[in-house]
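A.B. asks: This is the structure I have questions about; it appears just below.
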Amino acid sequence: MFAPSTLVARRQARALGGSAVVRWTLIAVALLFLGVFLFVPLVAVFSFAFQKGHEAYLAAITHPEARSAILLTLTAAAVAVPLNLVFGLAAAWLLARFRFRGRALLLTLIDLPFSVSPVIAGLVFVLLFGRQGWLGPWLAERDLHVIFAVPGIVLATVFITLPFVAREVLPVMQAQGGDEEEAALTLGAGGWRTFLRVTLPKVKWGVLYGVILCNARAMGEFGAVSVVSGHVRGVTTTLPLHAEILYNEYDFTGVFAVASLLTLLALVTLVLKKYVEWRSEVA
Amino acid sequence: MSIVVEQVTRRFTPGGSPAVSDVSFQAPAGAITSLLGPSGAGKSTLLRLIAGLESPDSGRVRIDGVDCTRQPVQQRGVGVVFQSYALFRHMTVRQNIAFGLDVRRLPREQTRARVEEMLRLVQLEALGDRYPGQLSGGQRQRVAFARALAIAPRVLLLDEPFGALDTRVREELREWLHALHSRTGLTTLLVTHDQQEALEISQHVVVMSEGKVAQAGSPEDIYNHPASPFVASFIGGASVLRGRVQSGRAELGSLALAVPAAAREGEAVHAFVRPHDIKLARPGESAPGPRPVTGRVARLKVVGGFVKVLLELPSGDEVTVQVPRSEFAALGLTEGDAVRADVLSASVFVGDYAI
């Protein structure tokens, strides 16, 4: 299988791309570009992080403020991902199976967090829940803090990551149609059983893919979270915000140590994403 | 367990033309009834209404005499087989068949026994642990039958069950369904656009067109006495001839045929002639029947065991004639030859014919 297909590919390449010189030049340009913009920064992050030895690195990431940032980041993701998983599944199912008034509007609304600048999204929450905002006085009376507090960060994260699961699951559901669900109904299954035993297994790889992307964004979000955070050190700083603070204080070992954590998250996400893509093709 | 449909109407777009319009028919208990018609005739919608996957805007559906129009699909006790098979792709054949039994919370032993029984019924004992993706189209459709039959349904509803299969498998499964039905005696409703299928395996045929019932009756009845120009043209691949009523007979160019009693002098008429209702003879030989006409062989097409002759009549009309190979050899015809034709039977209708 291998030899003939590479032969064919080579022949096609010759027919399409002309001489070997052109081909290798293009490949070199592409590799150089990837190296400068992706690989070098990746290496730089880790080398700067360990520049002053691994004690400094460990100290940077076990600093109380760093630990609280890690915890807050995990908290925000732990709330945002399950919420958007449930919402995304429900919305995708609704949009894939039913034609109703307002369907196009719902589709547009789901895309809103993608199309609005994250800073604006953060500002919207400030205008809603801030001291001068619509709900500000009501919240102040009850001594509830949303803006410049943890709830605001969670809210902003939920908003920013809302489209991921719905957007990944919808095309999968649409492509697979509703025949199997109808068959389940005729066999006597109720709505829940049909959902759990027929619909969910069908779309599980799409769901997982959406969850991975949703999680990556929830942990990496900067703009919207930055606006609602207020940067109270050790209280309302997530990992990306903590990195910014360290950067502004010229603590480069600290910045790159925190950055290495976020980079690791990105690498894990990419590996998982690749695995899910591979599994969904096999299944 | 009969199925009775009473004045059922279903509209998908408000104000648009209904997919099913005021349809009434009966599927007798213990028989195979076919819903036959071209695509878009509303037959699948009607089946989904009976299954409970759609609900009618008006009208009633009765199964075994009991009104089940408002009953949810889960409680109707219908077995449905879809054209797309609709097997659960992440479950094995056994798990697929057991699905409806699990819903009913049958004891495990009983479920297992029933699944094995169904596997034997559809002759797939060896493939119980395969996934649907590992089966051929014909095998998948038999699994779909087994899954539908496992729950011991009151009636079996088949929506173009063989539509996605190639001809040979389709014919095999048609035979198999026929045998299966004579064993189970289950009231069966078969939606199909394939007239061969409908005429071959059903005891009762309901022909549908544009959301309405065009004709209902036995296959012989539908074939021999089409009630409308639509049925006559849809069934049997008939050629159409146009003409007028003159001195009490339908004058169709070169042919004169008896007319329906209601026809008045000078009125437009048209006739449908089936390909095997015309007998050919060499010119000069004594004509076999009472209405001979001389035509010219315009084209010949050998199709398996018979020959299709496109016959051009003196009036310019063309009719297709079907001749068995052996008979054709005896006639020794070639294109351009003159030939005598005798119309053995035809269906004549009053009015203009528009396709």
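In the structure tokens, each chain is lettered A, B, ... as it comes, each chain's residues begin at 1, and ligands are numbered from 1 in order of appearance.
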Give the strand (DSSP E) residues of range 54-221 of chain B, as assigned by DSSP on the backbone, as a ChimeraX atom specification.
C.D. replies: /B:58-63,66-67,78-81,155-159,187-192,204-209,212-217
A.B. asks: Select from range 140-258 of chain A everything DSSP, run on the backbone, classes as alpha helix (DSSP H), then give the selection as an mmCIF file with C-alpha atoms, in the first residue's frame.
C.D. replies:
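Written file, out-v2.cif:
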```cif
data_model
loop_
_atom_site.group_PDB
_atom_site.id
_atom_site.type_symbol
_atom_site.label_atom_id
_atom_site.label_comp_id
_atom_site.auth_asym_id
_atom_site.auth_seq_id
_atom_site.Cartn_x
_atom_site.Cartn_y
_atom_site.Cartn_z
ATOM 1 C CA ALA A 140 -24.891 46.007 47.107
ATOM 2 C CA GLU A 141 -27.928 45.961 49.423
ATOM 3 C CA VAL A 150 -14.801 35.288 41.808
ATOM 4 C CA PRO A 151 -18.453 35.101 40.543
ATOM 5 C CA GLY A 152 -17.685 37.720 37.889
ATOM 6 C CA ILE A 153 -14.736 35.717 36.619
ATOM 7 C CA VAL A 154 -16.823 32.560 36.441
ATOM 8 C CA LEU A 155 -19.649 34.418 34.646
ATOM 9 C CA ALA A 156 -17.278 35.910 32.083
ATOM 10 C CA THR A 157 -15.685 32.504 31.485
ATOM 11 C CA VAL A 158 -19.081 30.835 31.002
ATOM 12 C CA PHE A 159 -20.076 33.515 28.500
ATOM 13 C CA ILE A 160 -16.853 33.339 26.487
ATOM 14 C CA PRO A 163 -20.396 28.349 21.771
ATOM 15 C CA PHE A 164 -17.825 25.537 21.830
ATOM 16 C CA VAL A 165 -19.875 22.434 22.671
ATOM 17 C CA ALA A 166 -22.997 23.544 20.786
ATOM 18 C CA ARG A 167 -20.970 24.410 17.681
ATOM 19 C CA GLU A 168 -19.096 21.094 17.681
ATOM 20 C CA VAL A 169 -22.114 18.873 18.351
ATOM 21 C CA LEU A 170 -24.622 20.537 16.030
ATOM 22 C CA PRO A 171 -23.035 19.463 12.704
ATOM 23 C CA VAL A 172 -22.528 15.911 14.021
ATOM 24 C CA MET A 173 -26.201 15.659 14.993
ATOM 25 C CA GLN A 174 -27.308 17.153 11.693
ATOM 26 C CA ALA A 175 -25.161 14.746 9.689
ATOM 27 C CA GLN A 176 -26.475 11.691 11.516
ATOM 28 C CA ASP A 179 -33.730 7.859 12.205
ATOM 29 C CA GLU A 180 -32.155 5.933 15.057
ATOM 30 C CA GLU A 181 -33.999 8.044 17.615
ATOM 31 C CA GLU A 182 -37.283 7.360 15.834
ATOM 32 C CA ALA A 183 -36.515 3.651 15.782
ATOM 33 C CA ALA A 184 -35.856 3.776 19.541
ATOM 34 C CA LEU A 185 -39.213 5.476 20.102
ATOM 35 C CA THR A 186 -41.073 2.824 18.099
ATOM 36 C CA GLY A 191 -37.115 10.463 25.723
ATOM 37 C CA TRP A 192 -34.405 10.043 28.362
ATOM 38 C CA ARG A 193 -33.516 6.499 27.432
ATOM 39 C CA THR A 194 -33.380 7.483 23.762
ATOM 40 C CA LEU A 200 -25.345 10.497 23.269
ATOM 41 C CA PRO A 201 -23.261 7.519 22.061
ATOM 42 C CA LYS A 202 -23.705 8.757 18.487
ATOM 43 C CA VAL A 203 -22.331 12.225 19.194
ATOM 44 C CA LYS A 204 -19.886 11.424 21.994
ATOM 45 C CA TRP A 205 -16.723 12.239 20.033
ATOM 46 C CA GLY A 206 -18.162 15.560 18.935
ATOM 47 C CA VAL A 207 -19.088 16.296 22.554
ATOM 48 C CA LEU A 208 -15.617 15.418 23.804
ATOM 49 C CA TYR A 209 -14.007 17.564 21.150
ATOM 50 C CA GLY A 210 -16.204 20.499 22.157
ATOM 51 C CA VAL A 211 -15.402 19.962 25.836
ATOM 52 C CA ILE A 212 -11.653 19.969 25.169
ATOM 53 C CA LEU A 213 -11.813 23.211 23.207
ATOM 54 C CA CYS A 214 -14.178 24.729 25.777
ATOM 55 C CA ASN A 215 -11.814 23.818 28.608
ATOM 56 C CA ALA A 216 -8.752 25.198 26.830
ATOM 57 C CA ARG A 217 -10.476 28.521 26.264
ATOM 58 C CA ALA A 218 -11.896 28.636 29.798
ATOM 59 C CA MET A 219 -8.392 28.304 31.263
ATOM 60 C CA GLY A 220 -6.710 30.579 28.763
ATOM 61 C CA GLY A 223 -9.670 39.791 27.911
ATOM 62 C CA ALA A 224 -13.115 39.369 29.407
ATOM 63 C CA VAL A 225 -11.753 38.024 32.684
ATOM 64 C CA SER A 226 -9.262 40.894 32.913
ATOM 65 C CA VAL A 227 -12.067 43.470 32.746
ATOM 66 C CA VAL A 228 -14.192 41.908 35.512
ATOM 67 C CA SER A 229 -11.273 40.788 37.686
ATOM 68 C CA LEU A 239 -3.287 32.124 35.529
ATOM 69 C CA PRO A 240 -3.189 34.418 32.471
ATOM 70 C CA LEU A 241 -3.834 37.462 34.691
ATOM 71 C CA HIS A 242 -1.173 36.345 37.150
ATOM 72 C CA ALA A 243 1.292 36.064 34.264
ATOM 73 C CA GLU A 244 0.501 39.618 33.216
ATOM 74 C CA ILE A 245 1.096 40.951 36.726
ATOM 75 C CA LEU A 246 4.455 39.190 36.950
ATOM 76 C CA TYR A 247 5.409 40.490 33.529
ATOM 77 C CA ASN A 248 4.644 44.063 34.538
ATOM 78 C CA PHE A 252 10.686 36.958 34.043
ATOM 79 C CA THR A 253 11.329 33.639 35.718
ATOM 80 C CA GLY A 254 7.893 33.901 37.323
ATOM 81 C CA VAL A 255 6.164 34.844 34.040
ATOM 82 C CA PHE A 256 7.687 32.015 32.116
ATOM 83 C CA ALA A 257 7.035 29.500 34.871
ATOM 84 C CA VAL A 258 3.344 30.384 34.810
#
```
A.B. asks: Would you give me, as a ChimeraX atom specification, the residues of chain B that come within 10 Å of chain A, using only C-alpha atoms?
C.D. replies: /B:51-53,72-91,96-104,133,144,147-151,153
A.B. asks: Give me the residues near Leu313 in chain B as a VMD selection string, where near means some atom within 12 Å (using only C-alpha atoms) and where sequence neighbours in that chain fewer than 5 positions away do not count.
C.D. replies: chain B and resid 241 252 to 255 292 to 298 318 to 321 338 to 342
A.B. asks: Any idea what the distance is between CA of Arg67 in chain A and CA of Pro82 in chain A?
C.D. replies: 23.0 Å
A.B. asks: Separation of CA of Arg60 in chain B and CA of Val8 in chain B, in Å?
C.D. replies: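 Computing it gives 6.1 Å between the two atoms.
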